[in-house]
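**Q** Dumping the structure here so I can ask a few things about it.
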Amino acid sequence: MLKPQLNQSHSVYNLLPLHKPFTGATNHSASSAYSRILRQPTSTKKSNATRARSTSGGIIKAISTPLITKATTIVKSVITIQPNISAALADGSVGAIPGDISNLLGQPFMLEIVSNDLDSNGNQKTVKGYARYVGLDFNIRLYTYKCDFDVPEDFGEIGAVLVENRYSRKMFFKSIVLNNGVTFTCESWVHSKYDNPENRIFFANKASTPSSIMLPRVDFHDCGPTYPLTETRTTSEFYVPIDEDFSQIKEAAFAARNLFAVLHSVIPTLDAVLSDKDKGFPLFTSIDLLYNQGVNVPPPGNGIIDALPRLVKRAIDTAKTVIQFETPEAMDRDTFSWFRDEEFCRQMLAGLNPCTIQLVTDWPLVSKLDSQVYGPPESAITKEIVEEEIRGFMTLEEALAQKKLFMLDYHDLLLPYVNKVREIEGTTLYGSRTLMFLTPAGTLRPLAIELTRPPSDGKPQWKHVYTPAWDATGAWLWKLAKAHVLSHDSAYHQLVSHWLRSHCVTEPYIIATNRHLSQMHPIQQLLKPHLRYTMQINALGRKSLINAGGVMESVFAPEKYSLQLCSDAYDQLWRFDHEALPADLISRGLAVEDQNAPHGVKLAIVDYPFANDGLLIWDAIKQWATTYINHYYPLENLVETDEELQAWWNEIRTVGHADKKDEPWWPQLKTKEDLIQIVSTIMWMTSGHHAAVNFGQYDFGGFFPNRPSTARTKMPNEDPTDEEWQSFMKRPEDALLKCFPSQIQATKVMSIMDVLSSHSPDEEYIGGKIESAWEADPTIKAAFEEFHGRLNELEGIIDSRNNDPNLKNRSGAGLVPYQLFKPYSEKGVTGRGVPNSISI
């Protein structure tokens, strides 16, 4: 049988435990290329069994020939290799063969196919061949090589292939296809033998559990000597294993390049042009000019104009360049929607952060923080205030009993940061609660906003409740209170709903998968599409987005405390068992279990677009995972006895999330149902959840008054001087404009959101393209086709819902339709499309 050994072609210096994966720690890594290479057996003892590893076929049938004394057959192979773009750039030979052409055109690769069977002496059967160059397909930019093998008739099934790269540089192998039906989907770099003499192994396209192939256990932490010269670090100080770095592999790198261009060219240019960091917008018409005329800047170099056609436009005289923003869809449909209360509430169900609203279950509202430090814990939102607002509908007690009261609660999370943030010039912060009522029409109506400042500088706690008002002063105070709440929601969205819950917590899954699940393991092959490219995009984020002094800290409400707040949210709020969509809805009181309901849950708000559409995606994912896992684990005990799988789950819990390793809520991994729930949760968070909180960013946040990223001034009625109050009374519009982000803050956020909302030309959408390993198994292929079919049906279902006039949270005059869960999209900023993985 095949005997595995850890492939040592990738640096493993930094495989350290991740205690808080989202805090920007740099000394860790994982590689999707931690595959295994063959060892020659140390014993010649004859095996008493010739157990065959499961492969995708390829039993050799002998042919007789008078020229060959032993019956053999000729097995032909076609090898496709992607050019090393960085090498081509270095050689100035993009589009041609880089470097030593004669070397590549000779026989630069030795291939050795390996049988699943052992010979009579217990040794592995192998046959060597040498690849010869055929040509370069300029349309798909792939080299093609061919290699023939003389295979004896008793060779048995082909299970693996060893590759020796005799070229001087690493090469990216796409696939090796044999003419007897065996395929090796490589999708990985093969190091030069001059950097590492060990050959690289690829296994045939068929998943196999350890119990079915009797693989010896491999400890990925004790991996012996390494070969640091086989891998070259990028310009980033954040290490990303080479197979996780998609910059040379995938056209979708355009998204990363565009993000890099915004971070390293556009934003510094804006910083230079808008040199007054505290300068706000003097008029609302000044905001409109960002979309109508843009900002004149010096012409940037490095092809920025070509990379960012939506954002950077050259002026007519070519002497200047204009950074001009596209009009976001929300503003394009209804210029004044951001001003209205109904849209303020609707976006909590069908906007950019629809996964934070929660049911009010306890009354009165009380803080859990230390009252000796933060002041009286009781909320200033009283029963009398609530009943004044819902007068004519019901009493407070009836509203609670009938599940009619909902809340955005950022009080306890933000209050410890209020005094610290207020020490930073040009900004402010509050703890906040926003209370809403579910109307008979199924829409939400705002009742009250409470803003709180803890005791400071000898001043007692300050808190005030704002309600929708029918007088001018009260109406403007209400608008300003909404702006503060939206800044809190914007920060929570980026730091928690987006960065923490999708990008960060996925890293332990990636690392554990590559450390503990072999390339043949069915769960590795199931999760692989959902874990691609995330390490690379996270590294770029750590370099320029969430770093100290980076974009996040300069534009969002917590400022330099942003990552500390993110860490607190992880500590206080994150639970793996609440990340699956149904569990998330139940934990927030937005649903209860109901086996008679379409998705097993009954929603508290019937017209909740995020939940309604998201449950369609969730169900499709779980059904696909169920069929897949039942196929590879037909017996219940196979899950608990799968050593690779148990090591994988143990590392995720105890290393990847070490600070939470003793929490009682971690799911056990004993049964098939346990495994189905765990992998479905990971697949949902990396696809559906991330799509919901990412690809609508420009549509909802591109016009920043709709979602200000920060609030720079305190409320006019918080301990005002006479001059401050009179200024507010004279021109309240100025107070709102001063509260909004500054010009540089707004344009930074808009630039980033434009790029983050964009799909790449070759985006890999959920259920879109079948993986080679799945296609090799007829049962799995049929299950995937069913999965693909269900996802295709969602387009029509979502369109039908968006056109239903009875669903007022998604259908109405001037509303942006909720289509973030439409699985597929064309390239660019579309407000729809669910990629497999977190790649932007």
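Residues are referred to by chain and number: the chain letter is A, B, ... according to the order shown in the structure tokens, the number counts from 1 in that chain, and ligands are numbered separately from 1 in the order shown.
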Which polymer residues have any atom within 9 Å of an atom of A:Thr627, counting only C-alpha atoms, with same-chain residues fewer than 4 positions away left out, as a ChimeraX atom specification?

**A** /A:622-623,631-632,779-780,783

**Q** Which residues are close to A:Thr209, i.e. within 9 Å by only C-alpha atoms, leaving aside same-chain residues fewer than 5 positions away? Reply as a PyMOL selection string.

**A** chain A and resi 214-215+520-523+632-633+638+642+644

**Q** Could you tell me how far atom CA of A:Glu450 lies from atom CA of A:Gly702, in Å and to one decimal?

**A**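 Between atom CA of A:Glu450 and atom CA of A:Gly702 the gap works out to 26.8 Å.
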
**Q** Pick out the closest residue to A:Met394 from this set: A:Val273, A:Leu438, A:Leu585, A:Val161. Count only C-alpha atoms.

**A**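 The closest residue to A:Met394 is A:Leu438.
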
**Q** Might you pull out every residue within 12 Å of A:Gln677, with only C-alpha atoms counted and same-chain residues fewer than 6 positions away left off, and present them as a ChimeraX atom specification?

**A** /A:576-583,618-619,621-626,629,666-671,683-684

**Q** Save the residues we just selected, N, CA and C atoms, as a CSV table (one decimal), in the first residue's frame?

**A**
```csv
chain,number,residue,atom,x,y,z
A,576,PHE,N,-19.3,28.8,18.5
A,576,PHE,CA,-19.4,28.1,17.3
A,576,PHE,C,-20.8,27.5,17.1
A,577,ASP,N,-21.4,27.1,18.2
A,577,ASP,CA,-22.7,26.4,18.0
A,577,ASP,C,-23.8,27.4,17.7
A,578,HIS,N,-23.5,28.7,17.7
A,578,HIS,CA,-24.5,29.7,17.3
A,578,HIS,C,-24.2,30.3,15.9
A,579,GLU,N,-23.2,29.7,15.2
A,579,GLU,CA,-22.9,30.3,13.9
A,579,GLU,C,-23.7,29.7,12.7
A,580,ALA,N,-24.2,28.5,12.8
A,580,ALA,CA,-25.2,28.0,11.8
A,580,ALA,C,-26.4,29.0,11.8
A,581,LEU,N,-26.9,29.2,10.6
A,581,LEU,CA,-28.0,30.2,10.5
A,581,LEU,C,-29.2,29.9,11.4
A,582,PRO,N,-29.8,28.7,11.4
A,582,PRO,CA,-30.9,28.5,12.3
A,582,PRO,C,-30.6,28.7,13.8
A,583,ALA,N,-29.4,28.3,14.2
A,583,ALA,CA,-29.0,28.5,15.6
A,583,ALA,C,-28.8,30.0,15.9
A,618,TRP,N,-28.8,27.8,3.4
A,618,TRP,CA,-28.4,26.9,4.5
A,618,TRP,C,-28.9,25.5,4.2
A,619,ASP,N,-30.2,25.4,3.8
A,619,ASP,CA,-30.8,24.1,3.6
A,619,ASP,C,-30.1,23.4,2.4
A,621,ILE,N,-27.0,23.8,1.4
A,621,ILE,CA,-25.7,23.4,1.9
A,621,ILE,C,-25.8,22.1,2.8
A,622,LYS,N,-26.7,22.1,3.7
A,622,LYS,CA,-26.8,21.0,4.7
A,622,LYS,C,-27.2,19.7,3.9
A,623,GLN,N,-28.1,19.8,3.0
A,623,GLN,CA,-28.5,18.6,2.2
A,623,GLN,C,-27.4,18.1,1.4
A,624,TRP,N,-26.6,18.9,0.8
A,624,TRP,CA,-25.4,18.5,0.1
A,624,TRP,C,-24.4,17.8,1.0
A,625,ALA,N,-24.2,18.5,2.2
A,625,ALA,CA,-23.2,17.9,3.1
A,625,ALA,C,-23.7,16.5,3.7
A,626,THR,N,-25.1,16.4,3.9
A,626,THR,CA,-25.6,15.2,4.4
A,626,THR,C,-25.4,14.0,3.4
A,629,ILE,N,-21.6,13.1,3.3
A,629,ILE,CA,-21.1,12.5,4.5
A,629,ILE,C,-21.7,11.1,4.6
A,666,TRP,N,-19.3,23.6,22.8
A,666,TRP,CA,-18.6,23.0,21.6
A,666,TRP,C,-19.4,21.7,21.3
A,667,PRO,N,-19.7,21.5,20.0
A,667,PRO,CA,-20.3,20.3,19.6
A,667,PRO,C,-19.3,19.1,19.7
A,668,GLN,N,-19.8,17.9,20.1
A,668,GLN,CA,-19.0,16.8,20.0
A,668,GLN,C,-18.9,16.3,18.6
A,669,LEU,N,-17.9,15.5,18.3
A,669,LEU,CA,-17.8,14.9,17.0
A,669,LEU,C,-17.8,13.4,17.1
A,670,LYS,N,-19.0,12.8,17.2
A,670,LYS,CA,-19.1,11.4,17.4
A,670,LYS,C,-19.9,10.7,16.3
A,671,THR,N,-20.9,11.4,15.9
A,671,THR,CA,-21.9,10.8,14.9
A,671,THR,C,-21.8,11.5,13.6
A,683,MET,N,-19.2,25.7,6.0
A,683,MET,CA,-19.5,26.1,4.7
A,683,MET,C,-20.5,27.3,4.6
A,684,TRP,N,-21.4,27.4,5.5
A,684,TRP,CA,-22.3,28.5,5.5
A,684,TRP,C,-21.6,29.8,5.8
```

**Q** Taking only C-alpha atoms into account, name the residue in A:Glu507, A:Glu384, A:Asp370, A:Asp334 that is nearest to A:Ile682.

**A**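 For A:Ile682, the nearest of the candidates is A:Glu507.
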
**Q** Using only C-alpha atoms, tabulate the residues of stretch 693-804 of chain A lying at most 10 Å from any atom of stretch 277-282 of chain A, each with its closest atom pair and that distance in Å to one decimal, by chain and increasing residue number, as JSON lines.

**A**
```
{"residue": "A:Arg712", "atom": "CA", "partner": "A:Asp278", "partner_atom": "CA", "distance": 9.3}
{"residue": "A:Glu733", "atom": "CA", "partner": "A:Pro282", "partner_atom": "CA", "distance": 9.7}
{"residue": "A:Asp734", "atom": "CA", "partner": "A:Pro282", "partner_atom": "CA", "distance": 7.5}
{"residue": "A:Leu737", "atom": "CA", "partner": "A:Phe281", "partner_atom": "CA", "distance": 6.3}
{"residue": "A:Lys738", "atom": "CA", "partner": "A:Gly280", "partner_atom": "CA", "distance": 6.1}
{"residue": "A:Cys739", "atom": "CA", "partner": "A:Gly280", "partner_atom": "CA", "distance": 8.6}
{"residue": "A:Phe740", "atom": "CA", "partner": "A:Gly280", "partner_atom": "CA", "distance": 7.5}
{"residue": "A:Pro741", "atom": "CA", "partner": "A:Gly280", "partner_atom": "CA", "distance": 6.9}
{"residue": "A:Ser742", "atom": "CA", "partner": "A:Gly280", "partner_atom": "CA", "distance": 4.2}
{"residue": "A:Gln743", "atom": "CA", "partner": "A:Gly280", "partner_atom": "CA", "distance": 5.3}
{"residue": "A:Ile744", "atom": "CA", "partner": "A:Lys277", "partner_atom": "CA", "distance": 6.2}
{"residue": "A:Gln745", "atom": "CA", "partner": "A:Lys277", "partner_atom": "CA", "distance": 8.0}
{"residue": "A:Ala746", "atom": "CA", "partner": "A:Gly280", "partner_atom": "CA", "distance": 9.2}
```

**Q** Go ahead and dump the residues you just picked, all heavy atoms, as a short mmCIF file (atom, residue, chain, number, x, y, z; two decimals), in the first residue's frame.

**A**
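Writing done, so here's part_20.cif:
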```
data_model
loop_
_atom_site.label_atom_id
_atom_site.label_comp_id
_atom_site.auth_asym_id
_atom_site.auth_seq_id
_atom_site.Cartn_x
_atom_site.Cartn_y
_atom_site.Cartn_z
N ARG A 712 -18.49 62.19 14.85
CA ARG A 712 -17.35 62.98 15.32
C ARG A 712 -17.71 63.95 16.45
O ARG A 712 -16.81 64.44 17.13
CB ARG A 712 -16.74 63.77 14.16
CG ARG A 712 -16.17 62.87 13.05
CD ARG A 712 -15.43 63.68 12.01
NE ARG A 712 -16.31 64.62 11.33
CZ ARG A 712 -15.95 65.84 10.94
NH1 ARG A 712 -14.73 66.28 11.18
NH2 ARG A 712 -16.81 66.61 10.31
N GLU A 733 -28.72 71.63 10.54
CA GLU A 733 -28.11 70.86 9.46
C GLU A 733 -26.60 70.82 9.60
O GLU A 733 -25.95 69.80 9.33
CB GLU A 733 -28.49 71.46 8.11
CG GLU A 733 -27.92 70.74 6.91
CD GLU A 733 -28.32 71.39 5.60
OE1 GLU A 733 -29.51 71.71 5.43
OE2 GLU A 733 -27.44 71.59 4.76
N ASP A 734 -26.00 71.93 10.06
CA ASP A 734 -24.55 71.96 10.26
C ASP A 734 -24.13 70.96 11.33
O ASP A 734 -23.06 70.34 11.23
CB ASP A 734 -24.11 73.37 10.68
CG ASP A 734 -24.16 74.35 9.53
OD1 ASP A 734 -24.38 73.91 8.38
OD2 ASP A 734 -24.03 75.57 9.78
N LEU A 737 -23.93 67.57 9.66
CA LEU A 737 -22.77 67.47 8.78
C LEU A 737 -21.47 67.36 9.57
O LEU A 737 -20.56 66.62 9.19
CB LEU A 737 -22.71 68.68 7.85
CG LEU A 737 -23.76 68.71 6.72
CD1 LEU A 737 -23.83 70.10 6.09
CD2 LEU A 737 -23.43 67.66 5.67
N LYS A 738 -21.37 68.08 10.70
CA LYS A 738 -20.17 67.98 11.54
C LYS A 738 -20.08 66.63 12.24
O LYS A 738 -18.99 66.15 12.55
CB LYS A 738 -20.17 69.11 12.56
CG LYS A 738 -19.92 70.50 11.98
CD LYS A 738 -20.03 71.58 13.04
CE LYS A 738 -19.82 72.96 12.43
NZ LYS A 738 -20.01 74.05 13.45
N CYS A 739 -21.24 66.04 12.50
CA CYS A 739 -21.26 64.73 13.13
C CYS A 739 -20.81 63.63 12.17
O CYS A 739 -20.16 62.67 12.56
CB CYS A 739 -22.67 64.44 13.65
SG CYS A 739 -22.84 62.86 14.52
N PHE A 740 -21.14 63.79 10.90
CA PHE A 740 -20.77 62.79 9.88
C PHE A 740 -19.25 62.67 9.76
O PHE A 740 -18.51 63.56 10.18
CB PHE A 740 -21.35 63.19 8.53
CG PHE A 740 -22.81 62.88 8.35
CD1 PHE A 740 -23.57 63.58 7.42
CD2 PHE A 740 -23.44 61.89 9.10
CE1 PHE A 740 -24.91 63.29 7.23
CE2 PHE A 740 -24.78 61.59 8.92
CZ PHE A 740 -25.52 62.29 7.98
N PRO A 741 -18.77 61.61 9.13
CA PRO A 741 -17.32 61.47 8.88
C PRO A 741 -16.78 62.66 8.10
O PRO A 741 -17.49 63.31 7.34
CB PRO A 741 -17.23 60.18 8.05
CG PRO A 741 -18.46 59.42 8.39
CD PRO A 741 -19.52 60.44 8.65
N SER A 742 -15.48 62.91 8.30
CA SER A 742 -14.81 63.97 7.56
C SER A 742 -14.69 63.56 6.09
O SER A 742 -14.97 62.42 5.71
CB SER A 742 -13.43 64.23 8.14
OG SER A 742 -12.58 63.11 7.91
N GLN A 743 -14.23 64.49 5.27
CA GLN A 743 -14.09 64.19 3.84
C GLN A 743 -13.12 63.04 3.60
O GLN A 743 -13.40 62.14 2.79
CB GLN A 743 -13.62 65.45 3.09
CG GLN A 743 -14.66 66.56 3.05
CD GLN A 743 -14.22 67.72 2.16
OE1 GLN A 743 -13.50 67.53 1.19
NE2 GLN A 743 -14.66 68.92 2.49
N ILE A 744 -11.99 63.04 4.29
CA ILE A 744 -11.03 61.97 4.07
C ILE A 744 -11.55 60.65 4.62
O ILE A 744 -11.37 59.58 4.01
CB ILE A 744 -9.65 62.32 4.67
CG1 ILE A 744 -8.62 61.24 4.33
CG2 ILE A 744 -9.73 62.53 6.17
CD1 ILE A 744 -8.42 60.99 2.86
N GLN A 745 -12.24 60.66 5.76
CA GLN A 745 -12.81 59.43 6.30
C GLN A 745 -13.87 58.86 5.36
O GLN A 745 -13.88 57.65 5.08
CB GLN A 745 -13.43 59.70 7.67
CG GLN A 745 -12.43 59.92 8.78
CD GLN A 745 -13.10 60.31 10.09
OE1 GLN A 745 -14.09 61.04 10.10
NE2 GLN A 745 -12.56 59.83 11.20
N ALA A 746 -14.74 59.72 4.86
CA ALA A 746 -15.81 59.25 3.97
C ALA A 746 -15.26 58.67 2.68
O ALA A 746 -15.68 57.59 2.24
CB ALA A 746 -16.77 60.40 3.67
#
```

**Q** Quick one: residues within 8 Å of A:Met753, only C-alpha atoms counted, chain neighbours fewer than 2 positions away excluded, as a ChimeraX atom specification?

**A** /A:697-698,701-702,749-751,755-757
